[in-house]
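A.B. asks: Just so it is clear, I am handing over input.cif, which has mmCIF, C-alpha atoms.
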```cif
data_my_file
#
loop_
_atom_site.group_PDB
_atom_site.id
_atom_site.type_symbol
_atom_site.label_atom_id
_atom_site.label_comp_id
_atom_site.auth_asym_id
_atom_site.auth_seq_id
_atom_site.Cartn_x
_atom_site.Cartn_y
_atom_site.Cartn_z
ATOM 1 C CA MET A 1 92.829 236.596 42.482
ATOM 2 C CA ASN A 2 93.583 238.420 45.713
ATOM 3 C CA TYR A 3 93.653 242.121 46.476
ATOM 4 C CA TYR A 4 96.733 243.640 48.091
ATOM 5 C CA GLU A 5 97.952 246.892 49.543
ATOM 6 C CA GLY A 6 101.620 247.554 48.971
ATOM 7 C CA LEU A 7 103.377 250.239 50.982
ATOM 8 C CA TYR A 8 106.894 251.103 49.871
ATOM 9 C CA ILE A 9 109.402 253.409 51.546
ATOM 10 C CA LEU A 10 111.507 254.787 48.734
ATOM 11 C CA ASP A 11 114.865 256.557 48.787
ATOM 12 C CA SER A 12 113.742 260.211 48.573
ATOM 13 C CA GLY A 13 116.842 261.311 46.663
ATOM 14 C CA ARG A 14 116.391 258.705 43.939
ATOM 15 C CA PHE A 15 112.657 259.378 43.807
ATOM 16 C CA ALA A 16 113.258 263.135 43.395
ATOM 17 C CA ARG A 17 115.660 262.534 40.481
ATOM 18 C CA ASP A 18 113.372 260.099 38.627
ATOM 19 C CA PRO A 19 109.879 259.798 40.145
ATOM 20 C CA ASP A 20 108.252 258.191 37.103
ATOM 21 C CA GLY A 21 111.038 255.662 36.581
ATOM 22 C CA THR A 22 111.116 254.689 40.249
ATOM 23 C CA VAL A 23 107.367 254.105 40.454
ATOM 24 C CA ARG A 24 107.286 252.373 37.076
ATOM 25 C CA GLN A 25 109.661 249.725 38.413
ATOM 26 C CA ILE A 26 107.169 248.902 41.188
ATOM 27 C CA THR A 27 104.134 248.812 38.915
ATOM 28 C CA ASP A 28 106.045 246.838 36.266
ATOM 29 C CA ALA A 29 106.968 244.210 38.853
ATOM 30 C CA ILE A 30 103.258 243.794 39.635
ATOM 31 C CA THR A 31 101.994 243.777 36.044
ATOM 32 C CA ASP A 32 104.808 241.498 34.811
ATOM 33 C CA ALA A 33 103.678 238.957 37.424
ATOM 34 C CA GLY A 34 100.175 239.068 35.938
ATOM 35 C CA GLY A 35 98.711 241.592 38.358
ATOM 36 C CA GLU A 36 96.563 244.650 37.824
ATOM 37 C CA VAL A 37 97.387 247.960 39.525
ATOM 38 C CA LEU A 38 94.178 249.568 40.814
ATOM 39 C CA VAL A 39 95.721 252.768 42.178
ATOM 40 C CA SER A 40 99.277 253.967 42.732
ATOM 41 C CA ARG A 41 100.069 257.210 44.539
ATOM 42 C CA MET A 42 102.423 259.003 46.851
ATOM 43 C CA TRP A 43 101.304 258.887 50.449
ATOM 44 C CA GLU A 44 103.845 261.242 52.018
ATOM 45 C CA GLU A 45 107.485 262.142 52.366
ATOM 46 C CA ARG A 46 108.857 262.284 55.879
ATOM 47 C CA ARG A 47 111.845 261.946 58.132
ATOM 48 C CA LEU A 48 112.384 258.338 59.168
ATOM 49 C CA ALA A 49 112.374 257.346 62.843
ATOM 50 C CA TYR A 50 115.801 255.769 62.315
ATOM 51 C CA PRO A 51 118.195 255.600 59.342
ATOM 52 C CA ILE A 52 117.546 252.849 56.799
ATOM 53 C CA LYS A 53 120.374 252.101 54.374
ATOM 54 C CA LYS A 54 121.979 255.366 55.566
ATOM 55 C CA GLN A 55 118.887 257.369 54.546
ATOM 56 C CA ARG A 56 117.138 259.670 57.026
ATOM 57 C CA LYS A 57 114.223 260.629 54.797
ATOM 58 C CA GLY A 58 111.800 258.424 52.872
ATOM 59 C CA THR A 59 109.002 258.757 50.346
ATOM 60 C CA TYR A 60 106.049 256.541 51.185
ATOM 61 C CA TRP A 61 104.330 255.127 48.075
ATOM 62 C CA LEU A 62 100.973 253.330 48.265
ATOM 63 C CA VAL A 63 99.731 250.795 45.684
ATOM 64 C CA TYR A 64 96.519 248.762 45.631
ATOM 65 C CA PHE A 65 96.633 245.848 43.223
ATOM 66 C CA LYS A 66 95.006 242.576 42.223
ATOM 67 C CA LEU A 67 97.227 239.512 41.817
ATOM 68 C CA ASP A 68 97.121 235.738 41.990
ATOM 69 C CA GLY A 69 98.389 234.829 45.476
ATOM 70 C CA GLY A 70 100.981 232.417 44.108
ATOM 71 C CA ARG A 71 102.629 235.190 42.118
ATOM 72 C CA LEU A 72 103.272 237.545 45.055
ATOM 73 C CA ASP A 73 106.629 235.863 45.653
ATOM 74 C CA ASP A 74 107.645 236.843 42.096
ATOM 75 C CA VAL A 75 106.914 240.486 42.905
ATOM 76 C CA ARG A 76 108.794 240.263 46.201
ATOM 77 C CA ALA A 77 111.811 238.636 44.566
ATOM 78 C CA ARG A 78 112.001 241.382 41.965
ATOM 79 C CA LEU A 79 111.658 244.210 44.490
ATOM 80 C CA GLN A 80 113.925 242.602 47.117
ATOM 81 C CA HIS A 81 117.076 243.720 45.346
ATOM 82 C CA ALA A 82 115.892 247.171 44.255
ATOM 83 C CA ASP A 83 118.255 249.625 45.929
ATOM 84 C CA TYR A 84 115.739 252.496 45.667
ATOM 85 C CA ILE A 85 113.289 250.666 47.995
ATOM 86 C CA LEU A 86 114.281 251.051 51.628
ATOM 87 C CA ARG A 87 111.444 248.893 53.002
ATOM 88 C CA TYR A 88 108.170 247.476 51.743
ATOM 89 C CA MET A 89 105.135 245.630 53.022
ATOM 90 C CA HIS A 90 102.298 243.754 51.277
ATOM 91 C CA VAL A 91 98.991 243.148 53.037
ATOM 92 C CA ARG A 92 96.136 241.061 51.634
ATOM 93 C CA ILE A 93 92.878 243.045 51.596
ATOM 94 C CA ASP A 94 89.376 241.678 52.087
ATOM 95 C CA PRO A 95 87.576 241.990 48.710
ATOM 96 C CA ARG A 96 84.527 243.456 50.458
ATOM 97 C CA ILE A 97 86.410 246.657 51.319
ATOM 98 C CA ILE A 98 88.742 247.094 48.344
ATOM 99 C CA ASP A 99 86.432 249.530 46.525
ATOM 100 C CA VAL A 100 86.340 251.840 49.547
ATOM 101 C CA LEU A 101 90.120 251.759 49.955
ATOM 102 C CA VAL A 102 90.768 252.409 46.269
ATOM 103 C CA GLU A 103 88.289 255.307 46.191
ATOM 104 C CA HIS A 104 89.894 256.811 49.288
ATOM 105 C CA ALA A 105 93.381 256.429 47.771
ATOM 106 C CA ARG A 106 92.162 258.224 44.653
ATOM 107 C CA GLY A 107 91.104 261.141 46.833
ATOM 108 C CA GLY A 108 87.364 260.590 46.831
ATOM 109 C CA LEU A 109 85.242 261.151 49.902
ATOM 110 C CA VAL A 110 83.874 257.904 51.252
ATOM 111 C CA SER A 111 80.936 257.431 53.593
ATOM 112 C CA PRO A 112 81.044 254.878 56.415
ATOM 113 C CA ARG A 113 78.890 252.505 54.368
ATOM 114 C CA GLY A 114 81.374 252.567 51.476
ATOM 115 C CA LEU A 115 79.520 254.849 49.083
ATOM 116 C CA ALA A 116 81.382 257.749 47.493
ATOM 117 C CA ASP A 117 79.993 261.125 48.562
ATOM 118 C CA GLU A 118 80.702 262.912 45.302
ATOM 119 C CA GLY A 119 79.936 266.613 45.171
ATOM 120 C CA GLU A 120 79.663 267.019 48.932
ATOM 121 C CA ASP A 121 82.069 269.161 50.867
ATOM 122 C CA ALA A 122 84.186 267.710 53.662
ATOM 123 C CA ASP A 123 82.244 269.452 56.462
ATOM 124 C CA HIS A 124 78.949 268.021 55.258
ATOM 125 C CA THR A 125 80.530 264.578 54.964
ATOM 126 C CA ALA A 126 81.912 264.818 58.507
ATOM 127 C CA ASP A 127 78.418 265.749 59.748
ATOM 128 C CA SER A 128 76.979 262.754 57.880
ATOM 129 C CA VAL A 129 79.550 260.440 59.430
ATOM 130 C CA GLU A 130 78.708 261.726 62.926
ATOM 131 C CA ALA A 131 74.962 261.390 62.301
ATOM 132 C CA ALA A 132 75.384 257.828 61.022
ATOM 133 C CA ALA A 133 77.505 256.896 64.049
ATOM 134 C CA ASP A 134 74.927 258.418 66.417
ATOM 135 C CA ALA A 135 72.078 256.580 64.671
ATOM 136 C CA GLU A 136 73.909 253.250 64.888
ATOM 137 C CA SER A 137 74.713 253.745 68.579
ATOM 138 C CA GLU A 138 71.017 254.348 69.346
ATOM 139 C CA ASP A 139 70.041 250.937 67.880
#
```
Would you encode the structure as structure tokens?
C.D. replies:
Amino acid sequence: MNYYEGLYILDSGRFARDPDGTVRQITDAITDAGGEVLVSRMWEERRLAYPIKKQRKGTYWLVYFKLDGGRLDDVRARLQHADYILRYMHVRIDPRIIDVLVEHARGGLVSPRGLADEGEDADHTADSVEAAADAESED
């Protein structure tokens, strides 16, 4: 099993009319191919640098998932013809960093060493990150 990051640019108009149905089609394509969705969330909505399929605005959707590498083509084939997806990209992720990426995507604060800093505020975490970077540069 491999870990993947999927980034999808969705048609903002279609997403606004049926957000759950649009996202469900992506996650269903992954799970129907035998994969497991680890986290699925909206990244942002923004104006596109250039029109894609006559759309000037896109909703960026981020998904981390686990899937057998041979089945990724099944997911791609299913999503290739989805008219609500303007563009998409799948990137294989090193298993050593997947926990950090998933925690970050869920909104948790993550230290440079990959441990969640639960209960700490962002300023304290930023100070910790700076201190850790300074300590490593002194070595």
A.B. asks: Can you list, as an mmCIF file with C-alpha atoms, keeping the file's coordinate frame, the residues that the PyMOL selection byres ((chain A and resi 91-107) around 6) selects here?
C.D. replies:
```cif
data_model
loop_
_atom_site.group_PDB
_atom_site.id
_atom_site.type_symbol
_atom_site.label_atom_id
_atom_site.label_comp_id
_atom_site.auth_asym_id
_atom_site.auth_seq_id
_atom_site.Cartn_x
_atom_site.Cartn_y
_atom_site.Cartn_z
ATOM 1 C CA TYR A 3 93.653 242.121 46.476
ATOM 2 C CA TYR A 4 96.733 243.640 48.091
ATOM 3 C CA GLU A 5 97.952 246.892 49.543
ATOM 4 C CA HIS A 90 102.298 243.754 51.277
ATOM 5 C CA GLY A 108 87.364 260.590 46.831
ATOM 6 C CA GLY A 114 81.374 252.567 51.476
#
```
A.B. asks: Find, counting all atoms listed in the file, the residue in A:Gly13, A:Gly6, A:Pro19, A:Pro51 that gets nearest to Lys66 (chain A).
C.D. replies: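 Of the candidates, the smallest distance to Lys66 (chain A) is held by A:Gly6.
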A.B. asks: Using all atoms listed in the file, which residues sit within 12 Å of Arg56 (chain A) once same-chain residues fewer than 4 positions away are excluded, as a list in words?
C.D. replies: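 Everything that qualifies: Ile9, Leu10, Asp11, Ser12, Gly13, Glu45, Arg46, Arg47, Leu48, Ala49, Tyr50, Pro51, Ile52 and Leu86 of chain A.
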A.B. asks: May I ask which of the residues A:Gly58, A:Gln80, A:Asp68, A:Val39 is the closest one to Thr27 (chain A), counting all atoms listed in the file?
C.D. replies: A:Val39
A.B. asks: Go through A:Met1, A:Ile26, A:Leu7, A:Ile85 one by one, measure the shortest atom-to-atom distance of each to Lys53 (chain A) using all atoms listed in the file, and give the residue with the smallest value.
C.D. replies: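 The answer is A:Ile85, which sits nearest to Lys53 (chain A).
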A.B. asks: Could you check the closest approach to Leu72 (chain A) for each of A:Ala16, A:Val23, A:Leu38, A:Met89 and tell me which residue wins, using all atoms listed in the file?
C.D. replies: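 Smallest distance to Leu72 (chain A) is found for A:Met89.
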A.B. asks: Any chance you could resolve the PyMOL selection byres ((chain A and resi 28-33) around 9) against this file and give the residues as a list in words?
C.D. replies: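 After applying the PyMOL selection byres ((chain A and resi 28-33) around 9), what remains is Val23, Arg24, Gln25, Ile26, Thr27, Gly34, Gly35, Glu36, Val37, Phe65, Lys66, Leu67, Asp68, Arg71, Leu72, Asp74, Val75, Arg76, Arg78 and Leu79 of chain A.
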A.B. asks: Would you mind exporting the chosen residues as a PDB file, in the frame of the given file, restricted to C-alpha atoms?
C.D. replies:
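Full text of out_31.pdb as output:
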```
ATOM      1  CA  VAL A  23     107.367 254.105  40.454  1.00  0.00           C
ATOM      2  CA  ARG A  24     107.286 252.373  37.076  1.00  0.00           C
ATOM      3  CA  GLN A  25     109.661 249.725  38.413  1.00  0.00           C
ATOM      4  CA  ILE A  26     107.169 248.902  41.188  1.00  0.00           C
ATOM      5  CA  THR A  27     104.134 248.812  38.915  1.00  0.00           C
ATOM      6  CA  GLY A  34     100.175 239.068  35.938  1.00  0.00           C
ATOM      7  CA  GLY A  35      98.711 241.592  38.358  1.00  0.00           C
ATOM      8  CA  GLU A  36      96.563 244.650  37.824  1.00  0.00           C
ATOM      9  CA  VAL A  37      97.387 247.960  39.525  1.00  0.00           C
ATOM     10  CA  PHE A  65      96.633 245.848  43.223  1.00  0.00           C
ATOM     11  CA  LYS A  66      95.006 242.576  42.223  1.00  0.00           C
ATOM     12  CA  LEU A  67      97.227 239.512  41.817  1.00  0.00           C
ATOM     13  CA  ASP A  68      97.121 235.738  41.990  1.00  0.00           C
ATOM     14  CA  ARG A  71     102.629 235.190  42.118  1.00  0.00           C
ATOM     15  CA  LEU A  72     103.272 237.545  45.055  1.00  0.00           C
ATOM     16  CA  ASP A  74     107.645 236.843  42.096  1.00  0.00           C
ATOM     17  CA  VAL A  75     106.914 240.486  42.905  1.00  0.00           C
ATOM     18  CA  ARG A  76     108.794 240.263  46.201  1.00  0.00           C
ATOM     19  CA  ARG A  78     112.001 241.382  41.965  1.00  0.00           C
ATOM     20  CA  LEU A  79     111.658 244.210  44.490  1.00  0.00           C
TER      21      LEU A  79
END
```
A.B. asks: Can you work out the spacing between CA of Arg41 (chain A) and CA of Tyr64 (chain A) in Å, to one decimal?
C.D. replies: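 CA of Tyr64 (chain A) lies at a distance of 9.2 Å from CA of Arg41 (chain A).
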A.B. asks: Could you jot down the CA of Ser40 (chain A) to CA of Gln55 (chain A) separation for me, Å, one decimal place?
C.D. replies: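 So the two atoms, CA of Ser40 (chain A) and CA of Gln55 (chain A), lie 23.1 Å apart.
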A.B. asks: Which value, in Å to one decimal, gives the distance between CA of Arg87 (chain A) and CA of Gly21 (chain A)?
C.D. replies: 17.8 Å
A.B. asks: Using all atoms listed in the file for the distances, tell me which of A:Trp61, A:Arg17, A:Asn2, A:Gly70 is nearest to Tyr88 (chain A).
C.D. replies: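 Using all atoms listed in the file, Tyr88 (chain A) sits closest to A:Trp61.
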A.B. asks: Kindly indicate which residue among A:Ala82, A:Arg14, A:Met42, A:Asp20 lies nearest to Val63 (chain A), using all atoms listed in the file for the distances.
C.D. replies: A:Met42
